[in-house]
Amino acid sequence: MSWVNAVVQGILLGGLYALVAAGLSLVFGVMRIVNLAHGVLAVLAAFGAYVLGDALGLHPFLALLVVVPVMAAVGYGLQRGLLNRALGGGELAPLLVTFGLAIVLQNALLEAFSADSRRLDVGALGTASIRLGDGLTVGVFPLLAAVVGVLVIAAIGQFLARTATGRAMRATSDDRDAAALMGIDGRHLYGVATAIALGTVAIAGVFLGARSTFDPAAGGVTLIFAFEAVVIGGLGSLWGTLLGGVVLGVAQALGAAVDPAYGVLAGHLVFLVVLATRPRGLLPSAVTA
Amino acid sequence: MTATVERAASAPRVRRGGRGAWVGAGLAVVAVAVLGYLPLLTTRGTQVDLVGLFSLVVLGTMWNLLAGYGGMVSIGQQAYIGVGGYGLVYLASTVGVDPFLAVPVAAVVCALLAWPTSYLAFRLNGGYFAIGTWVIAEVVRLLVTQVDALGAGSGASLTGFAGIDPTYRIAYVYWLSLAIVVVVVGGVYLLMRSRLGLALTAIRDDPTAAGSLGVGVTRAKRVVYVAAAAGCGLAGAMIVANTLRVQPGSIFSVDYSAMMIFIVVIGGIGTIEGPIIGALVFYALQDSLADLGNWYLVVVGLVAIAVTLLAPKGLWGLTRGRVELFPTGHRVGSR
């Protein structure tokens with residue numbers, strides 16, 4: 001029964017990985033850059049919620065109401081002020097700028113909050129669980145986190161499919177120059193894409209921070225897990241990313257069930273196997289992204 | 001050939017080098033000679049510090065080879081730094097190989113590891129390649145921490161120097177490191193002046209166009225990836241020979257990638273001179289900001305972001321190509 005339990009835990013964790021990955025994918029799809037600071041920004045949001053909880057006694061869910069809009073605004077400003085400039089500097093510049101940003105933020109967090117591990121306290125919700133069967137219990141909070149992850153991904157999908165801005169993003173993703181000729185303001189659109197990406201990664205960061213511990217250096221693995229979810233699922237497909245997140249989460253949970261030290265390693269190995277055998281991912285998008 | 005030259009007498013002259021190259025070569029010889037004499041004049045502490053600087057030069061040069069010449073942004077070179085360091089410790093302490101022989105052998109191990117790895121890593125492009133290399137480095141780190149013979153999570157000490165007096169040991173390691181700097185920088189210089197260097201420059205500017213002109217894009221990139229792995233292995237072995245201690249958390253730290261990137265960006269990407277200057281600047285910043293703890297990485301990171309956006313050619317770019325101590329490209333000029 002512990003194996004079934006591990007699989008269920010992994011599936012629930014996968015929803016959060018996919019949520020982090022969705023923002024990474026969105027930014028890549030729209031402007032073809034990989035934001036290497038994406039993981040650190042999730043950790044920044046978790047620290048934001050931590051400070052609000054510490055200073056004002058806000059529950060992490062209430063803190064989301066502050067953290068998400070702030071992170072979205074930070075994303076818009078970051079894109080307009082910094083990343084749009086980098087986009088003109090060839091392929092290397094955005095990578096160098098976002099990696100530089102990741103190192104700056106991580107070390108600033110380290111100086112501000114020390115290397116101690118922290119956890120966001122969600123109160124009784126953190127320990128509540130539902131008994132599904134013999135020996136199989138599911139924590140209410142992990143379940144809630146996974147449901148929120150899926151809902152946010154579905155909302156991004158609907159946004160891209162149905163709104164004018166979403167259409168403009170898909171058009172820019174298909175052909176940036178043609179979209180610009182049709183009157184789409186790339187700079188503003190890129191800002192909106194990064195704002196959405198950071199808003200969603202803030203949600204993911206807060207839920208991850210409440211699910212387990214985090215510290216300033218956690219941005220690295222957060223970025224890596226999101227990236228693995230994207231590649232396992234297949235570039236350019238939101239539901240593929242969700243599947244990738246679930247596969248990664250299950251691999252980690254099963255690995256950890258064998259030996260706690262093997263959890264993360266098992267996830268990496270599944271990623272490498274998929275990369276070697278199915279380089280386009282498990283659910284490649286019909287149109288090459 | 002003579003006929004061609006005579007007929008082309010009125011055509012523009014294509015040249016490489018010139019006075020700057022002779023000055024560069026002369027400066028390099030003098031610098032190496034002076035640095036080589038230093039152990040007879042300086043304290044052990046100075047030599048240990050300088051080996052740290054040499055490792056930064058090697059790391060910067062290797063990252064520049066990857067990104068500046070090969071167009072590959074890697075944030076996972078710590079995989080090979082770690083394998084080089086652990087390779088030295090394992091070969092010297094467990095197998096019993098002479099440590100000075102173990103250093104190049106460890107680099108060969110890195111190259112042998114990098115060759116098959118490149119087939120996986122090259123399935124990814126651009127930013128995803130960058131994170132992919134990081135994942136590979138994490139896998140190597142996690143595997144190493146599982147091996148008890150390598151000290152698992154707590155690391156291992158280099159005991160191969162046990163019979164040597166510390167004064168001599170430090171001087172030998174210093175000379176070895178200086179030799180590695182000469183081999184690595186000189187090797188990249190010669191590589192970039194070769195046919196492969198020309199191919200790499202074409203690939204960096206436009207891989208698709210280079211491929212359509214018959215350049216073996218993937219093969220050239222693979223050679224660069226393997227060479228950079230060997231160079232980073234040398235740097236890792238150098239770092240461990242200097243500190244006598246290897247620990248998975250620090251030798252596989254992504255901070256090495258950050259250092260390499262900052263060195264190259266600040267010094268000037270895509271030049272031989274840039275990483276050397278970048279390493280000097282980084283070393284000076286690290287030294288002067290030492291009291292600030294991790295703030296130095298914040299400061300250096302901000303400087304690197306500013307340089308990328310405002311002066312993408314870095315400090316060496318301030319010469320605007322008028323001075324080329326190590327010229328790799330050909331230029332067309334009138335007589």
# chains A, B, ... in the order shown; residues from 1 in each chain; ligands from 1

$ closest_atom_pairs --of "chain A" --to "chain B" --cutoff "8 Å" --atoms "only C-alpha atoms" --output "Markdown table"
| residue | atom | partner | partner_atom | distance |
| --- | --- | --- | --- | --- |
| A:Ile33 | CA | B:Gly127 | CA | 6.8 |
| A:Val34 | CA | B:Gly127 | CA | 5.0 |
| A:Asn35 | CA | B:Gly127 | CA | 7.9 |
| A:Leu36 | CA | B:Gly127 | CA | 7.7 |
| A:Arg85 | CA | B:Leu309 | CA | 6.8 |
| A:Ala86 | CA | B:Leu309 | CA | 6.1 |
| A:Gly89 | CA | B:Leu309 | CA | 7.5 |
| A:Glu91 | CA | B:Gly126 | CA | 7.5 |
| A:Leu92 | CA | B:Val73 | CA | 7.3 |
| A:Ala93 | CA | B:Thr308 | CA | 6.3 |
| A:Leu95 | CA | B:Gly127 | CA | 6.5 |
| A:Leu96 | CA | B:Ile305 | CA | 7.2 |
| A:Val97 | CA | B:Ile305 | CA | 5.2 |
| A:Phe99 | CA | B:Ala258 | CA | 7.8 |
| A:Gly100 | CA | B:Gly301 | CA | 5.0 |
| A:Leu101 | CA | B:Gly301 | CA | 6.9 |
| A:Ile103 | CA | B:Gly301 | CA | 6.5 |
| A:Val104 | CA | B:Val298 | CA | 4.3 |
| A:Leu105 | CA | B:Val298 | CA | 7.4 |
| A:Asn107 | CA | B:Asn294 | CA | 5.8 |
| A:Ala108 | CA | B:Val298 | CA | 6.5 |
| A:Leu110 | CA | B:Asn294 | CA | 7.5 |
| A:Glu111 | CA | B:Asn294 | CA | 6.6 |
| A:Ile224 | CA | B:Ile131 | CA | 6.6 |
| A:Phe227 | CA | B:Ile131 | CA | 7.3 |
| A:Leu265 | CA | B:Val139 | CA | 6.4 |
| A:His268 | CA | B:Val139 | CA | 6.7 |
| A:Leu269 | CA | B:Val139 | CA | 7.8 |
| A:Leu272 | CA | B:Leu120 | CA | 7.6 |
| A:Leu275 | CA | B:Leu120 | CA | 6.8 |
| A:Ala276 | CA | B:Leu120 | CA | 6.1 |
| A:Pro279 | CA | B:Arg123 | CA | 6.8 |

$ residues_around --residues "B:Tyr174" --least-positions-apart "6" --cutoff "8 Å" --atoms "only C-alpha atoms" --output "number ranges by chain"
B: 39, 47-48, 50-51

$ write_last_selection --atoms "N, CA and C atoms" --output "mmCIF file, in the first residue's frame"
data_model
loop_
_atom_site.group_PDB
_atom_site.id
_atom_site.type_symbol
_atom_site.label_atom_id
_atom_site.label_comp_id
_atom_site.auth_asym_id
_atom_site.auth_seq_id
_atom_site.Cartn_x
_atom_site.Cartn_y
_atom_site.Cartn_z
ATOM 1 N N PRO B 39 57.677 31.821 -7.090
ATOM 2 C CA PRO B 39 57.806 30.989 -5.885
ATOM 3 C C PRO B 39 59.137 31.186 -5.166
ATOM 4 N N GLN B 47 51.360 32.223 -3.063
ATOM 5 C CA GLN B 47 51.282 31.223 -4.131
ATOM 6 C C GLN B 47 49.925 30.516 -4.121
ATOM 7 N N VAL B 48 49.428 30.208 -2.913
ATOM 8 C CA VAL B 48 48.111 29.564 -2.819
ATOM 9 C C VAL B 48 47.045 30.491 -3.399
ATOM 10 N N LEU B 50 47.499 32.805 -5.656
ATOM 11 C CA LEU B 50 47.667 32.912 -7.108
ATOM 12 C C LEU B 50 47.122 31.680 -7.822
ATOM 13 N N VAL B 51 47.273 30.500 -7.199
ATOM 14 C CA VAL B 51 46.685 29.301 -7.818
ATOM 15 C C VAL B 51 45.166 29.472 -7.915
#

$ select_by_dssp --residues "stretch 84-244 of chain A" --states "strand (DSSP E or B)" --output "list of chain:residue names"
A:Arg118, A:Ser129, A:Ile130, A:Arg131, A:Leu132, A:Gly133, A:Leu136, A:Thr137, A:Val138, A:Gly139, A:Phe214

$ atom_distance --atom1 "atom CA of B:Ala114" --atom2 "atom CA of B:Met62"
13.9 Å

$ closest_residue --among "A:Gly220, A:Gly57, A:Gly77, A:Gly186" --to "A:Ala37" --atoms "only C-alpha atoms"
A:Gly220

$ closest_residue --among "B:Leu315, B:Leu88, B:Val224, B:Leu285" --to "B:Asn242" --atoms "only C-alpha atoms"
B:Leu88

$ select_by_dssp --residues "stretch 48-174 of chain B" --states "helix (DSSP H, G or I)" --output "NGL selection string"
:B and (48-69 or 78-95 or 99-121 or 126-146 or 148-150 or 152-154 or 166-174)

$ residues_around --residues "A:Val40" --least-positions-apart "4" --cutoff "10 Å" --atoms "only C-alpha atoms" --output "ChimeraX atom specification"
/A:36,44-46,101-106,109,201,205,216-223

$ write_last_selection --atoms "N, CA and C atoms" --output "compact mmCIF listing (two decimals), in the first residue's frame"
# COMPACT_ATOMS: atom_id res chain seq x y z
N LEU A 36 16.03 32.07 -16.40
CA LEU A 36 16.78 31.25 -15.44
C LEU A 36 16.55 31.69 -14.00
N LEU A 44 11.32 33.73 -3.85
CA LEU A 44 11.10 35.11 -3.41
C LEU A 44 9.66 35.30 -2.96
N ALA A 45 8.71 34.74 -3.75
CA ALA A 45 7.29 34.85 -3.38
C ALA A 45 7.03 34.15 -2.05
N ALA A 46 7.67 32.97 -1.86
CA ALA A 46 7.48 32.25 -0.59
C ALA A 46 8.00 33.08 0.57
N LEU A 101 20.49 37.66 -12.59
CA LEU A 101 19.40 38.03 -11.69
C LEU A 101 19.17 36.94 -10.65
N ALA A 102 19.22 35.68 -11.12
CA ALA A 102 19.01 34.56 -10.20
C ALA A 102 20.07 34.57 -9.10
N ILE A 103 21.33 34.76 -9.48
CA ILE A 103 22.41 34.76 -8.49
C ILE A 103 22.27 35.95 -7.54
N VAL A 104 21.92 37.11 -8.10
CA VAL A 104 21.75 38.32 -7.27
C VAL A 104 20.63 38.09 -6.25
N LEU A 105 19.47 37.63 -6.73
CA LEU A 105 18.33 37.44 -5.82
C LEU A 105 18.62 36.39 -4.76
N GLN A 106 19.22 35.28 -5.21
CA GLN A 106 19.49 34.18 -4.27
C GLN A 106 20.41 34.65 -3.15
N LEU A 109 18.68 37.16 -0.84
CA LEU A 109 17.80 36.44 0.10
C LEU A 109 18.61 35.77 1.20
N VAL A 201 3.86 31.80 -10.76
CA VAL A 201 4.96 31.18 -10.02
C VAL A 201 4.91 31.60 -8.55
N GLY A 205 5.03 29.11 -5.64
CA GLY A 205 6.05 29.28 -4.60
C GLY A 205 5.45 29.22 -3.21
N PRO A 216 16.89 30.05 0.80
CA PRO A 216 17.23 30.89 -0.35
C PRO A 216 17.83 30.12 -1.53
N ALA A 217 18.45 28.96 -1.27
CA ALA A 217 19.08 28.22 -2.36
C ALA A 217 18.10 27.31 -3.09
N ALA A 218 16.82 27.30 -2.66
CA ALA A 218 15.85 26.36 -3.23
C ALA A 218 15.45 26.72 -4.66
N GLY A 219 15.81 27.94 -5.09
CA GLY A 219 15.42 28.35 -6.44
C GLY A 219 15.98 27.44 -7.51
N GLY A 220 17.19 26.95 -7.29
CA GLY A 220 17.84 26.09 -8.29
C GLY A 220 17.03 24.84 -8.58
N VAL A 221 16.68 24.09 -7.53
CA VAL A 221 15.93 22.85 -7.78
C VAL A 221 14.53 23.17 -8.29
N THR A 222 13.95 24.28 -7.84
CA THR A 222 12.62 24.65 -8.33
C THR A 222 12.66 24.84 -9.85
N LEU A 223 13.67 25.57 -10.32
CA LEU A 223 13.83 25.78 -11.76
C LEU A 223 14.05 24.45 -12.47
